[in-house]
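Source file: entry.cif. Holds: mmCIF, C-alpha atoms.
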data_coords
loop_
_atom_site.label_atom_id
_atom_site.label_comp_id
_atom_site.auth_asym_id
_atom_site.auth_seq_id
_atom_site.Cartn_x
_atom_site.Cartn_y
_atom_site.Cartn_z
CA MET A 1 0.00 0.00 0.00
CA SER A 2 1.49 3.34 -1.06
CA GLY A 3 -0.15 6.22 0.74
CA PHE A 4 -3.67 7.15 1.78
CA ILE A 5 -6.22 7.87 -0.95
CA PRO A 6 -8.72 10.53 0.18
CA TYR A 7 -12.17 10.82 -1.36
CA ALA A 8 -11.22 14.25 -2.79
CA ARG A 9 -8.09 16.31 -3.19
CA PRO A 10 -7.54 19.73 -4.78
CA HIS A 11 -5.35 19.72 -7.89
CA TRP A 12 -2.89 22.56 -8.41
CA THR A 13 0.27 23.44 -10.30
CA ALA A 14 2.93 26.12 -10.08
CA GLU A 15 0.48 28.42 -11.87
CA GLU A 16 -1.67 28.76 -8.74
CA SER A 17 1.47 29.54 -6.71
CA ARG A 18 2.51 32.27 -9.14
CA ALA A 19 -1.00 33.74 -9.08
CA LEU A 20 -0.90 33.93 -5.28
CA ASP A 21 2.55 35.53 -5.31
CA ARG A 22 1.35 38.22 -7.72
CA VAL A 23 -1.51 39.14 -5.41
CA LEU A 24 0.78 39.13 -2.38
CA GLU A 25 3.29 41.43 -4.06
CA SER A 26 0.62 43.75 -5.44
CA GLY A 27 -0.54 44.81 -1.98
CA MET A 28 -4.15 44.65 -3.23
CA TRP A 29 -5.34 41.71 -1.17
CA THR A 30 -8.96 42.79 -1.58
CA GLY A 31 -10.65 45.10 -4.05
CA GLY A 32 -8.18 44.45 -6.86
CA ASP A 33 -8.60 43.18 -10.40
CA ARG A 34 -8.62 39.41 -9.74
CA VAL A 35 -12.25 39.31 -8.60
CA PRO A 36 -13.69 40.96 -11.73
CA GLU A 37 -11.41 38.86 -13.93
CA PHE A 38 -12.60 35.71 -12.13
CA GLU A 39 -16.21 36.81 -12.67
CA ARG A 40 -15.61 37.24 -16.40
CA GLU A 41 -14.07 33.76 -16.65
CA LEU A 42 -17.00 32.29 -14.71
CA ALA A 43 -19.51 34.02 -17.00
CA ALA A 44 -17.90 32.23 -19.95
CA LEU A 45 -18.02 28.94 -18.02
CA THR A 46 -21.62 29.23 -16.78
CA GLY A 47 -23.18 30.98 -19.76
CA ALA A 48 -24.55 33.83 -17.63
CA PRO A 49 -23.24 36.95 -15.86
CA THR A 50 -21.75 35.89 -12.54
CA VAL A 51 -21.01 37.55 -9.20
CA VAL A 52 -18.62 35.95 -6.69
CA LEU A 53 -18.97 35.91 -2.91
CA SER A 54 -16.97 34.62 0.05
CA SER A 55 -18.46 31.08 0.08
CA GLY A 56 -21.19 28.98 -1.45
CA THR A 57 -23.22 29.50 1.71
CA ALA A 58 -22.74 33.26 1.43
CA ALA A 59 -23.93 33.06 -2.17
CA VAL A 60 -27.16 31.24 -1.37
CA PHE A 61 -27.77 33.33 1.76
CA ALA A 62 -27.47 36.58 -0.21
CA LEU A 63 -29.61 35.20 -3.02
CA LEU A 64 -32.44 34.10 -0.73
CA HIS A 65 -32.26 37.34 1.25
CA LEU A 66 -32.68 39.43 -1.89
CA LEU A 67 -35.44 37.25 -3.31
CA GLY A 68 -37.22 37.45 0.01
CA THR A 69 -37.20 41.25 -0.06
CA ARG A 70 -39.09 41.13 -3.36
CA SER A 71 -42.12 39.50 -1.73
CA ARG A 72 -44.49 40.42 1.07
CA GLY A 73 -45.76 37.45 2.97
CA PRO A 74 -44.66 33.91 3.77
CA ARG A 75 -41.78 32.40 1.77
CA LEU A 76 -40.90 28.78 1.14
CA LEU A 77 -37.74 27.03 -0.03
CA VAL A 78 -38.23 23.56 -1.52
CA THR A 79 -35.13 21.39 -1.68
CA PRO A 80 -34.37 17.69 -2.07
CA THR A 81 -33.76 15.97 1.23
CA LEU A 82 -30.48 14.54 -0.11
CA THR A 83 -28.37 17.69 -0.06
CA PHE A 84 -26.03 19.69 2.13
CA ALA A 85 -27.60 21.94 4.75
CA ALA A 86 -26.31 25.32 3.47
CA ALA A 87 -29.38 26.42 1.50
CA PRO A 88 -32.10 25.21 3.90
CA ALA A 89 -30.16 26.54 6.90
CA SER A 90 -29.86 29.94 5.19
CA ALA A 91 -33.58 29.90 4.47
CA ARG A 92 -34.41 29.14 8.10
CA PHE A 93 -32.12 31.96 9.32
CA LEU A 94 -33.97 34.34 6.99
CA GLY A 95 -37.41 33.32 8.28
CA TRP A 96 -38.40 31.12 5.34
CA ASP A 97 -40.16 27.79 5.72
CA VAL A 98 -38.36 24.77 4.27
CA ALA A 99 -40.02 21.89 2.42
CA LEU A 100 -38.26 18.60 1.65
CA CYS A 101 -38.76 16.38 -1.39
CA ASP A 102 -37.60 12.84 -2.13
CA VAL A 103 -35.14 12.00 -4.93
CA ARG A 104 -35.11 9.71 -7.95
CA SER A 105 -33.54 6.30 -7.58
CA ASP A 106 -31.42 6.44 -10.76
CA ASP A 107 -29.43 9.65 -10.16
CA LEU A 108 -30.56 10.84 -6.67
CA THR A 109 -31.74 14.22 -8.00
CA ILE A 110 -35.07 15.76 -7.02
CA ASP A 111 -38.14 13.75 -8.04
CA ALA A 112 -40.44 16.00 -10.10
CA ASP A 113 -43.27 13.48 -9.72
CA ARG A 114 -43.23 14.04 -5.95
CA LEU A 115 -42.51 17.76 -6.24
CA GLY A 116 -45.80 18.40 -8.07
CA PRO A 117 -48.13 17.04 -5.36
CA LEU A 118 -46.10 18.84 -2.69
CA LEU A 119 -46.53 22.21 -4.44
CA GLU A 120 -50.20 21.46 -5.16
CA ARG A 121 -50.70 21.08 -1.41
CA VAL A 122 -48.94 24.28 -0.28
CA HIS A 123 -48.59 26.79 -3.12
CA ARG A 124 -51.59 28.89 -2.07
CA ASP A 125 -50.06 29.46 1.37
CA TYR A 126 -46.93 31.36 0.22
CA ALA A 127 -46.19 34.69 -1.41
CA ARG A 128 -42.95 33.30 -2.86
CA ILE A 129 -41.80 29.75 -3.42
CA VAL A 130 -38.25 28.97 -4.53
CA VAL A 131 -37.60 25.44 -5.77
CA MET A 132 -33.89 24.59 -5.56
CA PRO A 133 -33.00 21.30 -7.25
CA VAL A 134 -29.47 19.95 -6.78
CA HIS A 135 -27.34 18.73 -9.67
CA TYR A 136 -26.21 15.89 -7.46
CA ALA A 137 -22.62 14.64 -7.95
CA GLY A 138 -22.33 16.89 -11.03
CA HIS A 139 -25.21 15.29 -12.99
CA SER A 140 -27.94 17.71 -14.05
CA CYS A 141 -31.39 16.92 -12.70
CA ASP A 142 -34.44 16.55 -14.95
CA LEU A 143 -34.84 20.29 -15.44
CA PRO A 144 -37.54 20.09 -18.13
CA ALA A 145 -39.78 18.22 -15.68
CA VAL A 146 -38.84 20.40 -12.69
CA SER A 147 -39.28 23.60 -14.73
CA ALA A 148 -42.74 22.49 -15.83
CA VAL A 149 -43.80 21.89 -12.22
CA CYS A 150 -42.44 25.27 -11.13
CA GLU A 151 -44.26 27.04 -13.95
CA ARG A 152 -47.51 25.28 -13.10
CA TYR A 153 -47.43 26.54 -9.50
CA GLY A 154 -45.76 29.92 -9.96
CA ALA A 155 -42.56 28.88 -8.20
CA THR A 156 -39.15 30.42 -8.88
CA LEU A 157 -36.50 27.97 -10.07
CA VAL A 158 -33.00 28.44 -8.61
CA GLU A 159 -30.40 25.72 -9.20
CA ASP A 160 -27.97 24.38 -6.64
CA ALA A 161 -25.07 23.86 -9.05
CA CYS A 162 -22.34 23.53 -6.43
CA HIS A 163 -21.42 20.09 -7.81
CA ALA A 164 -21.80 20.98 -11.46
CA ILE A 165 -19.67 23.92 -12.56
CA GLY A 166 -18.20 23.24 -15.97
CA GLY A 167 -20.88 20.70 -16.78
CA ARG A 168 -23.67 20.83 -19.33
CA TYR A 169 -27.34 19.96 -19.11
CA ASP A 170 -28.53 16.62 -20.43
CA GLY A 171 -30.86 16.44 -23.40
CA GLU A 172 -31.83 19.06 -25.96
CA HIS A 173 -30.64 22.06 -23.92
CA SER A 174 -26.94 21.25 -24.17
CA VAL A 175 -25.78 24.54 -22.69
CA PRO A 176 -23.51 25.18 -19.70
CA VAL A 177 -24.94 24.56 -16.26
CA GLY A 178 -26.02 28.06 -15.28
CA ALA A 179 -27.68 28.98 -18.58
CA TRP A 180 -30.97 27.08 -18.28
CA PRO A 181 -33.66 29.32 -19.85
CA GLY A 182 -36.27 28.64 -17.16
CA SER A 183 -34.06 29.38 -14.12
CA LEU A 184 -33.71 32.70 -12.37
CA ALA A 185 -30.24 31.82 -11.09
CA ALA A 186 -27.76 29.08 -10.26
CA TYR A 187 -25.29 29.14 -7.40
CA TYR A 188 -21.86 27.53 -7.01
CA SER A 189 -19.19 26.67 -4.46
CA PHE A 190 -15.40 26.79 -4.77
CA HIS A 191 -14.66 24.61 -1.74
CA PRO A 192 -11.37 22.68 -2.15
CA THR A 193 -13.24 19.49 -3.13
CA LYS A 194 -15.14 21.14 -5.99
CA PRO A 195 -14.31 20.95 -9.73
CA VAL A 196 -13.23 24.62 -9.61
CA ALA A 197 -11.54 25.15 -6.24
CA ALA A 198 -10.41 28.39 -4.63
CA GLY A 199 -10.03 27.36 -0.99
CA GLU A 200 -13.34 29.04 -0.24
CA GLY A 201 -15.73 31.06 -2.34
CA GLY A 202 -19.06 30.94 -4.09
CA ALA A 203 -20.91 32.56 -6.96
CA VAL A 204 -24.35 33.27 -8.37
CA ALA A 205 -24.98 33.21 -12.12
CA THR A 206 -28.08 35.06 -13.32
CA ARG A 207 -29.34 36.90 -16.37
CA ASP A 208 -31.49 39.17 -14.17
CA PRO A 209 -29.55 42.47 -14.28
CA VAL A 210 -31.30 43.91 -11.22
CA LEU A 211 -30.55 40.84 -9.10
CA LEU A 212 -26.96 40.87 -10.31
CA GLU A 213 -26.41 44.46 -9.16
CA GLU A 214 -28.23 43.81 -5.88
CA LEU A 215 -25.87 40.92 -5.18
CA ARG A 216 -22.81 43.04 -5.95
CA ALA A 217 -24.02 45.76 -3.60
CA PHE A 218 -25.15 43.44 -0.81
CA ARG A 219 -21.78 41.64 -0.63
CA ASN A 220 -20.13 45.03 0.03
CA HIS A 221 -22.36 46.40 2.81
CA ASN A 222 -24.76 47.91 0.21
CA MET A 223 -22.37 50.86 -0.03
CA VAL A 224 -22.94 53.22 -2.95
CA PRO A 225 -20.75 56.18 -3.90
CA VAL A 226 -22.21 59.70 -3.65
CA PRO A 227 -20.98 62.99 -5.09
CA ARG A 228 -18.51 64.84 -2.89
CA HIS A 229 -20.09 67.96 -1.42
CA THR A 230 -18.31 71.08 -0.25
CA ASP A 231 -19.21 70.30 3.36
CA ASP A 232 -18.01 66.70 3.13
CA HIS A 233 -14.27 66.41 3.72
CA SER A 234 -14.24 62.61 3.61
CA PRO A 235 -11.95 61.15 0.93
CA TRP A 236 -14.39 58.26 0.62
CA PRO A 237 -17.97 59.61 0.33
CA TYR A 238 -20.59 56.89 0.29
CA SER A 239 -24.13 56.13 1.37
CA ILE A 240 -25.91 53.00 2.60
CA ASP A 241 -29.64 52.95 1.93
CA LEU A 242 -30.21 49.37 3.10
CA PRO A 243 -28.13 47.21 5.44
CA GLY A 244 -25.68 44.87 3.70
CA MET A 245 -22.87 42.53 4.67
CA ASN A 246 -19.22 41.87 3.96
CA LEU A 247 -19.44 38.76 1.77
CA ARG A 248 -16.55 39.73 -0.52
CA LEU A 249 -14.13 37.19 -1.96
CA SER A 250 -10.46 37.97 -1.34
CA GLU A 251 -8.05 38.55 -4.20
CA PHE A 252 -6.11 35.46 -3.10
CA HIS A 253 -9.13 33.20 -3.51
CA ALA A 254 -10.08 34.84 -6.79
CA ALA A 255 -6.56 34.40 -8.18
CA VAL A 256 -6.60 30.67 -7.47
CA GLY A 257 -10.17 30.31 -8.72
CA LEU A 258 -9.29 32.12 -11.95
CA VAL A 259 -6.51 29.64 -12.71
CA GLN A 260 -8.81 26.73 -11.88
CA ALA A 261 -11.69 28.08 -13.97
CA ARG A 262 -9.42 28.34 -17.01
CA ARG A 263 -8.53 24.68 -16.45
CA ALA A 264 -12.12 23.54 -15.84
CA GLU A 265 -12.65 21.66 -19.10
CA GLU A 266 -9.34 19.82 -18.73
CA ALA A 267 -10.36 18.82 -15.21
CA ARG A 268 -13.83 17.75 -16.34
CA ARG A 269 -12.42 15.54 -19.08
CA ASN A 270 -10.04 13.91 -16.62
CA ARG A 271 -12.84 13.24 -14.13
CA ALA A 272 -14.96 11.84 -16.98
CA ARG A 273 -12.16 9.44 -17.94
CA LEU A 274 -11.92 8.24 -14.35
CA ALA A 275 -15.69 7.87 -14.19
CA ASP A 276 -15.58 5.69 -17.32
CA ARG A 277 -12.97 3.50 -15.67
CA TYR A 278 -15.08 3.16 -12.52
CA HIS A 279 -18.17 2.20 -14.52
CA ALA A 280 -16.23 -0.45 -16.43
CA ALA A 281 -14.63 -1.95 -13.31
CA LEU A 282 -17.74 -1.88 -11.12
CA ALA A 283 -19.94 -3.46 -13.78
CA GLU A 284 -18.31 -6.75 -12.75
CA LEU A 285 -19.47 -6.35 -9.14
CA PRO A 286 -23.20 -7.11 -8.75
CA ALA A 287 -23.25 -5.77 -5.18
CA VAL A 288 -22.19 -2.27 -6.34
CA ARG A 289 -24.50 0.09 -8.26
CA ALA A 290 -23.06 3.30 -9.65
CA VAL A 291 -25.15 6.50 -9.47
CA PRO A 292 -26.23 7.04 -12.20
CA PRO A 293 -25.84 3.55 -13.70
CA VAL A 294 -24.08 4.85 -16.84
CA ARG A 295 -21.85 7.87 -17.29
CA ARG A 296 -23.57 11.04 -18.49
CA PRO A 297 -21.55 12.96 -21.08
CA GLY A 298 -22.41 16.44 -19.79
CA SER A 299 -21.71 15.75 -16.12
CA ALA A 300 -19.08 17.68 -14.18
CA HIS A 301 -18.33 14.40 -12.32
CA HIS A 302 -17.81 16.07 -8.97
CA LEU A 303 -18.49 12.82 -7.08
CA PHE A 304 -18.72 9.13 -7.83
CA PRO A 305 -21.49 7.79 -5.56
CA VAL A 306 -22.31 4.10 -5.34
CA VAL A 307 -25.12 2.20 -3.67
CA LEU A 308 -23.88 -1.03 -2.11
CA ASP A 309 -25.73 -4.25 -1.37
CA LEU A 310 -24.31 -4.39 2.14
CA PRO A 311 -26.36 -7.41 3.32
CA ARG A 312 -24.97 -9.35 0.38
CA MET A 313 -21.49 -8.23 1.40
CA GLY A 314 -22.13 -9.10 5.03
CA LEU A 315 -21.23 -5.60 6.19
CA GLY A 316 -22.81 -2.55 7.76
CA LYS A 317 -21.82 0.86 6.42
CA PRO A 318 -19.59 1.80 9.40
CA GLN A 319 -17.75 -1.51 9.03
CA LEU A 320 -17.43 -1.01 5.26
CA LEU A 321 -15.90 2.45 5.71
CA ALA A 322 -13.53 1.07 8.37
CA GLU A 323 -12.51 -1.81 6.08
CA LEU A 324 -11.71 0.61 3.24
CA ARG A 325 -9.78 2.89 5.57
CA ALA A 326 -7.73 -0.13 6.70
CA ARG A 327 -6.76 -0.45 3.05
CA GLY A 328 -5.74 3.22 2.92
CA ILE A 329 -8.88 4.43 1.16
CA GLY A 330 -11.01 7.31 2.41
CA CYS A 331 -14.65 7.49 1.29
CA GLN A 332 -17.41 9.95 2.17
CA VAL A 333 -21.19 9.96 2.47
CA HIS A 334 -23.17 12.55 0.46
CA TYR A 335 -25.35 13.16 2.41
CA THR A 336 -27.27 12.39 5.56
CA PRO A 337 -30.80 13.26 4.34
CA LEU A 338 -32.06 16.48 5.85
CA HIS A 339 -35.16 14.85 7.32
CA ARG A 340 -32.83 12.64 9.41
CA LEU A 341 -30.98 15.64 10.91
CA PRO A 342 -32.30 17.18 14.14
CA ALA A 343 -32.28 20.68 12.60
CA PHE A 344 -34.85 19.65 9.96
CA ALA A 345 -36.51 16.56 11.46
CA ASP A 346 -39.36 18.78 12.70
CA THR A 347 -40.42 19.75 9.16
CA PRO A 348 -44.25 19.58 9.20
CA ALA A 349 -45.90 16.73 7.31
CA ARG A 350 -47.53 19.10 4.83
CA LEU A 351 -44.04 20.40 3.89
CA ARG A 352 -42.48 17.04 3.18
CA THR A 353 -43.02 14.15 0.84
CA GLU A 354 -42.54 10.56 1.81
CA PHE A 355 -38.89 9.51 1.38
CA PRO A 356 -38.86 5.89 0.17
CA VAL A 357 -35.83 6.42 -2.09
CA ALA A 358 -33.69 8.52 0.26
CA ASP A 359 -34.46 6.23 3.21
CA ALA A 360 -33.64 3.11 1.22
CA VAL A 361 -30.45 4.49 -0.32
CA PHE A 362 -28.84 6.38 2.55
CA PRO A 363 -27.77 3.33 4.63
CA ARG A 364 -25.93 1.99 1.55
CA LEU A 365 -24.66 5.20 -0.08
CA VAL A 366 -20.91 5.92 -0.32
CA SER A 367 -18.86 8.32 -2.47
CA LEU A 368 -15.69 6.75 -3.86
CA PRO A 369 -12.47 8.75 -4.33
CA LEU A 370 -12.53 10.90 -7.48
CA TRP A 371 -10.53 14.01 -8.32
CA HIS A 372 -8.62 15.62 -11.16
CA GLY A 373 -5.09 14.23 -11.03
CA MET A 374 -6.02 10.92 -9.40
CA ARG A 375 -3.70 8.20 -10.68
CA ASP A 376 -5.01 5.11 -12.41
CA THR A 377 -3.10 2.97 -9.93
CA ASP A 378 -4.89 4.69 -7.03
CA GLN A 379 -8.24 4.08 -8.68
CA GLU A 380 -7.34 0.43 -9.20
CA ARG A 381 -6.62 0.14 -5.48
CA VAL A 382 -10.16 1.39 -4.82
CA THR A 383 -11.84 -1.02 -7.21
CA ASP A 384 -9.67 -3.93 -6.06
CA ALA A 385 -10.60 -3.21 -2.44
CA LEU A 386 -14.30 -3.17 -3.31
CA ALA A 387 -13.90 -6.45 -5.18
CA ASP A 388 -12.18 -7.94 -2.14
CA LEU A 389 -15.05 -6.85 0.10
CA VAL A 390 -17.73 -8.07 -2.29
CA LEU A 391 -16.02 -11.43 -2.53
CA ARG A 392 -15.12 -11.37 1.20
CA ARG A 393 -11.39 -11.69 0.65
CA PRO A 394 -9.67 -10.53 3.87
CA ILE A 395 -6.43 -8.61 3.80
CA PRO A 396 -3.48 -9.67 5.93
CA GLY A 397 -3.69 -7.86 9.28
CA GLY A 398 -7.16 -6.59 8.40
CA ILE A 399 -9.73 -5.59 10.99
CA ARG A 400 -11.98 -8.67 10.65
#
structure tokens encoding of this file:
Amino acid sequence: MSGFIPYARPHWTAEESRALDRVLESGMWTGGDRVPEFERELAALTGAPTVVLSSGTAAVFALLHLLGTRSRGPRLLVTPTLTFAAAPASARFLGWDVALCDVRSDDLTIDADRLGPLLERVHRDYARIVVMPVHYAGHSCDLPAVSAVCERYGATLVEDACHAIGGRYDGEHSVPVGAWPGSLAAYYSFHPTKPVAAGEGGAVATRDPVLLEELRAFRNHNMVPVPRHTDDHSPWPYSIDLPGMNLRLSEFHAAVGLVQARRAEEARRNRARLADRYHAALAELPAVRAVPPVRRPGSAHHLFPVVLDLPRMGLGKPQLLAELRARGIGCQVHYTPLHRLPAFADTPARLRTEFPVADAVFPRLVSLPLWHGMRDTDQERVTDALADLVLRRPIPGGIR
């Protein structure tokens, strides 16, 4: 065994180091030219004008805050239960209700067939409803179906594209993720595990020019310049009409993100090649089902989730993860469904679907290691270890 294989690892070259040095030497660690340059590169990548913020959570918090100010009355965020807590937590902080929907069994994205009855039940009770599907693992959800449901009930469609930057939608709308014609916006994360990594950072892509400018102002305390008057001796005259926040991205993060964004297609192709290799190797293991079952050409391939037949393998999930770690392989679980977390377990029955898919999948769901720059030999260690566990071949000195 030659080293530990984590489930994700950022990929960088000397180019990122040089970009950081240039920012350091410039003295402009915030408010320089790297942020607007990063935004221009992201606009080309997402197909829509883009504004960057200090994290993915900051991006969705600012977005929901601004959408909430456009409506008087109760507001509702609808999200799949199989997602990270950032968006629903932000909604709760802002006084929104949160509704949870089950996912499809093939790709674990939001189930439009369950979304419709949920909105039919509650849409008359809210002044604004935002439906936020997740492009889980980098695979676009069934946006034609989700868009049709949103249109039927007057809901606003906002995409959680944190897994999917650099990807393209499936089907006839083969455009970059972020340019779907029926969406108001898409938001992204630049966490170190993501396809475009900056350490931290987030972004919102939208073709709504008013929302775009509101986001730019809100991330900078809603400060606006004012003309200098004869009785104002300040060298920095400004006004604040509405409270804002400091959600700015630093020049350091933007410099790294800019390099990564320019390399996004190279990284996506490399992840796709690794995904092909996983699909080929795991097809020989009947106790392992890839999600989705076949590789999707437009996917960003952020994650490689699998659903395991653990009873057939004679293992529970904690034991499986421990067995893999004993072989020097780190896996992850994406995610504990929201309805199983104490923070969201109290979601009222009228604001939740049944969860037959999420409940059945979660005890058997694991994300295998996948990242740009992963070596074929490392990947073979992962697939060999899974084969050993499926066939119950112990390793010398193993934990059984």
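For the structure in this document, the set picked by the PyMOL selection byres ((chain A and resi 74) around 7) is Gly73, Arg75, Leu76, Tyr126, Ala127 and Arg128 of chain A.
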Selection result of the PyMOL selection byres ((chain A and resi 369) around 8) on this file, as a tab-separated table (two decimals) with C-alpha atoms, keeping the file's coordinate frame:
chain	number	residue	atom	x	y	z
A	5	ILE	CA	-6.22	7.87	-0.95
A	6	PRO	CA	-8.72	10.53	0.18
A	7	TYR	CA	-12.17	10.82	-1.36
A	8	ALA	CA	-11.22	14.25	-2.79
A	303	LEU	CA	-18.49	12.82	-7.08
A	304	PHE	CA	-18.72	9.13	-7.83
A	329	ILE	CA	-8.88	4.43	1.16
A	330	GLY	CA	-11.01	7.31	2.41
A	331	CYS	CA	-14.65	7.49	1.29
A	367	SER	CA	-18.86	8.32	-2.47
A	368	LEU	CA	-15.69	6.75	-3.86
A	370	LEU	CA	-12.53	10.90	-7.48
A	371	TRP	CA	-10.53	14.01	-8.32
A	379	GLN	CA	-8.24	4.08	-8.68
A	382	VAL	CA	-10.16	1.39	-4.82
**Message:** Here's the selection I'm unsure about, the PyMOL selection byres ((chain A and resi 336) around 12); applied to the file above, which residues does it give, as a PyMOL selection string?
**Reply:** chain A and resi 80-85+332-335+337-345+358-359+361-366
Store the residues picked out above, limited to C-alpha atoms, as a tab-separated table (two decimals), keeping the file's coordinate frame.
chain	number	residue	atom	x	y	z
A	80	PRO	CA	-34.37	17.69	-2.07
A	81	THR	CA	-33.76	15.97	1.23
A	82	LEU	CA	-30.48	14.54	-0.11
A	83	THR	CA	-28.37	17.69	-0.06
A	84	PHE	CA	-26.03	19.69	2.13
A	85	ALA	CA	-27.60	21.94	4.75
A	332	GLN	CA	-17.41	9.95	2.17
A	333	VAL	CA	-21.19	9.96	2.47
A	334	HIS	CA	-23.17	12.55	0.46
A	335	TYR	CA	-25.35	13.16	2.41
A	337	PRO	CA	-30.80	13.26	4.34
A	338	LEU	CA	-32.06	16.48	5.85
A	339	HIS	CA	-35.16	14.85	7.32
A	340	ARG	CA	-32.83	12.64	9.41
A	341	LEU	CA	-30.98	15.64	10.91
A	342	PRO	CA	-32.30	17.18	14.14
A	343	ALA	CA	-32.28	20.68	12.60
A	344	PHE	CA	-34.85	19.65	9.96
A	345	ALA	CA	-36.51	16.56	11.46
A	358	ALA	CA	-33.69	8.52	0.26
A	359	ASP	CA	-34.46	6.23	3.21
A	361	VAL	CA	-30.45	4.49	-0.32
A	362	PHE	CA	-28.84	6.38	2.55
A	363	PRO	CA	-27.77	3.33	4.63
A	364	ARG	CA	-25.93	1.99	1.55
A	365	LEU	CA	-24.66	5.20	-0.08
A	366	VAL	CA	-20.91	5.92	-0.32
**Asked** In Å, how far is it from CA of Gly314 (chain A) to CA of Ala283 (chain A)?
**Response** 19.8 Å
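Look at Glu120 (chain A): the protein and nucleic acid residues within 10 Å of it, using only C-alpha atoms and passing over chain neighbours fewer than 3 places away, are Leu115, Gly116, Pro117, His123, Arg124, Val149, Arg152 and Tyr153 of chain A.
Coordinates place CA of Phe218 (chain A) at a distance of 7.8 Å from CA of Asn246 (chain A).
CA of Leu184 (chain A) lies 20.7 Å from CA of Gly201 (chain A).
These residues, each with an atom at most 9 Å from (-33.9, 23.3, -4.1) using all atoms listed in the file, are Leu77, Val78, Thr79, Pro80, Thr83, Ala87, Pro88, Leu100, Cys101, Ile110, Val130, Val131, Met132, Pro133, Val134, Leu157, Val158, Glu159 and Asp160 of chain A.
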**Complete:** Of A:Ala387, A:Val35, A:Val51, A:Ala155, the one sitting nearest Leu324 (chain A) when using only C-alpha atoms is A:Ala387
**Request:** Identify, on the basis of all atoms listed in the file, every residue whose closest approach to region 293-300 of chain A does not exceed 12 Å; exclude the query and any residue fewer than 6 positions from it along the same chain; express the result as an NGL selection string.
**Result:** :A and (45 or 105-108 or 135-141 or 161-177 or 194-196 or 264-280 or 282-283 or 306-307 or 370-372)
**Asked** Which protein, DNA or RNA residues have an atom at most 6 Å from (-25.6, 36.3, -9.7), counting all atoms listed in the file? List them as a PyMOL selection string.
**Response** chain A and resi 50-51+204-206+212
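Distances from A:Ala145, A:Val256, A:Leu119, A:Met374 to Ala14 (chain A) were compared using only C-alpha atoms, and the smallest one belongs to A:Val256.
Here the question is which of A:Asp388, A:Glu200, A:Glu37, A:Asp309 gets nearest to Glu323 (chain A) using only C-alpha atoms, and that residue is A:Asp388.
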**Counting all atoms listed in the file, the residue of A:Ala62, A:Val122, A:Leu242, A:Val146 that sits nearest Phe93 (chain A)** = A:Ala62
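The shortest atom-to-atom distance to Ser54 (chain A), with only C-alpha atoms taken into account, belongs to A:Asn220 out of A:Asn220, A:Ser17, A:Thr377, A:Thr347.
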